[in-house]
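A short worksheet on the structure shown next.
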Amino acid sequence: MSTFLGQSIELLLVEDSPGDVLLTQEALADSRIANRLHVVEDGERAIDFLMKRGIYTEAVRPDLIMLDLNLPRKDGREVLQFIKSNPDLTTIPVVVLTTSRAEEDILRTYKLHANCYITKPVDMNQFCSVIRSIEDFWLTVVKLPHKK
Ligand SMILES: [Mg+2]
């Protein structure tokens, strides 16, 4: 397994659909890249995780965030805005993964400085293949910023 600066890549998945969480876990389980997947199921928890608040005081800074847009409590757009307006978090790449293929969502998400926008395939196999593509591209091709 390759490692990143001698450590695992820390991934944060913000996703309220248990099915999508399971598929993502499965797709990443046999990854060539050492990774740890942290999962939070709503926008409030995502911000708590990133700010190491509440039950997340021991949380690690993620190297990459996979963010659903439609989330309970605080939606993905608000989470994205929070991340990209926070100087300590803004360098963390955010991959938006959503069922929406609406042009206005795509545009709005890029305006909020998402690093990429992906429409989740409905088909399970295609979904897994998208997760593996994210892994291949973001964890092996892309240079991520060094951890602080
Ligand atoms: Mg959702």
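Chain labels follow the order of the structure tokens: the first chain is A, the next B, and so on; residue numbering restarts at 1 in every chain, and ligands are counted from 1 in their shown order.
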
As an MDAnalysis selection string, which residues of segment 1-146 of chain A does DSSP assign to helix (DSSP H, G or I)? chainID A and resid 18:29 43:51 54:56 76:84 103:111 124:141

Write out as a PyMOL selection string each polymer residue (protein, DNA or RNA) that has an atom no more than 12 Å from ligand 1, with only C-alpha atoms and all ligand atoms counted. chain A and resi 13-21+40-43+66-77+96-100+119-120

Would you mind exporting C-alpha atoms of the selected residues as an mmCIF file, in the first residue's frame?
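File written: selection-v4.cif
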data_model
loop_
_atom_site.group_PDB
_atom_site.id
_atom_site.type_symbol
_atom_site.label_atom_id
_atom_site.label_comp_id
_atom_site.auth_asym_id
_atom_site.auth_seq_id
_atom_site.Cartn_x
_atom_site.Cartn_y
_atom_site.Cartn_z
ATOM 1 C CA LEU A 13 -17.651 11.377 3.614
ATOM 2 C CA VAL A 14 -20.666 13.577 4.354
ATOM 3 C CA GLU A 15 -23.611 11.448 3.280
ATOM 4 C CA ASP A 16 -27.062 10.749 4.721
ATOM 5 C CA SER A 17 -27.895 7.749 2.565
ATOM 6 C CA PRO A 18 -26.826 4.526 4.362
ATOM 7 C CA GLY A 19 -26.780 2.688 1.014
ATOM 8 C CA ASP A 20 -24.350 5.178 -0.514
ATOM 9 C CA VAL A 21 -22.184 5.065 2.616
ATOM 10 C CA VAL A 40 -20.906 11.922 9.094
ATOM 11 C CA GLU A 41 -24.558 11.890 8.103
ATOM 12 C CA ASP A 42 -25.604 15.516 8.224
ATOM 13 C CA GLY A 43 -24.269 19.013 7.638
ATOM 14 C CA MET A 66 -16.710 13.908 -0.358
ATOM 15 C CA LEU A 67 -19.847 15.956 0.146
ATOM 16 C CA ASP A 68 -23.461 15.189 -0.655
ATOM 17 C CA LEU A 69 -25.584 18.289 -1.339
ATOM 18 C CA ASN A 70 -28.951 17.246 0.024
ATOM 19 C CA LEU A 71 -28.411 16.635 3.712
ATOM 20 C CA PRO A 72 -30.495 16.962 6.870
ATOM 21 C CA ARG A 73 -29.984 19.780 9.403
ATOM 22 C CA LYS A 74 -27.558 21.797 7.282
ATOM 23 C CA ASP A 75 -27.337 21.158 3.582
ATOM 24 C CA GLY A 76 -24.196 20.501 1.576
ATOM 25 C CA ARG A 77 -24.171 23.974 0.038
ATOM 26 C CA VAL A 96 -19.357 17.170 -4.439
ATOM 27 C CA LEU A 97 -21.244 13.914 -5.010
ATOM 28 C CA THR A 98 -24.942 14.344 -5.521
ATOM 29 C CA THR A 99 -27.925 12.835 -7.263
ATOM 30 C CA SER A 100 -28.724 16.253 -8.722
ATOM 31 C CA THR A 119 -23.527 13.245 -10.302
ATOM 32 C CA LYS A 120 -23.949 9.935 -8.458
#

Where does DSSP see strand (DSSP E or B) in segment 11-147 of chain A, if you list the residues as a PyMOL selection string? chain A and resi 11-14+33+35-40+64-67+94-98+116-119

Do a neighbour search on Glu135 of chain A at 9 Å with only C-alpha atoms, toss out local chain neighbours closer than 6 positions, and write the hits as a list in words. Leu28, Ser31 and Ile33 of chain A

Separation of atom CA of Leu112 of chain A and atom CA of Leu139 of chain A, in Å?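 Going from atom CA of Leu112 of chain A over to atom CA of Leu139 of chain A covers 22.6 Å.
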
Residue nearest Asn35 of chain A among A:Ile47, A:Ile55, A:Leu12, A:Val130 (counting only C-alpha atoms): A:Leu12

Could you work out how far atom CA of Ile106 of chain A lies from atom CA of Glu10 of chain A, giving the answer in Å with one decimal? 25.7 Å

Quick one: distance from atom CA of Gln81 of chain A to atom CA of Ala29 of chain A in Å, one decimal?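 It comes out at 29.8 Å.
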
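The shortest atom-to-atom distance to Ala27 of chain A, with only C-alpha atoms taken into account, belongs to A:Met124 out of A:Leu144, A:Ala59, A:Met124, A:Cys116.
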
Nearest to Glu44 of chain A by atom-to-atom distance, counting only C-alpha atoms, from A:Leu80, A:Val142, A:Cys128, A:Ile118: A:Leu80
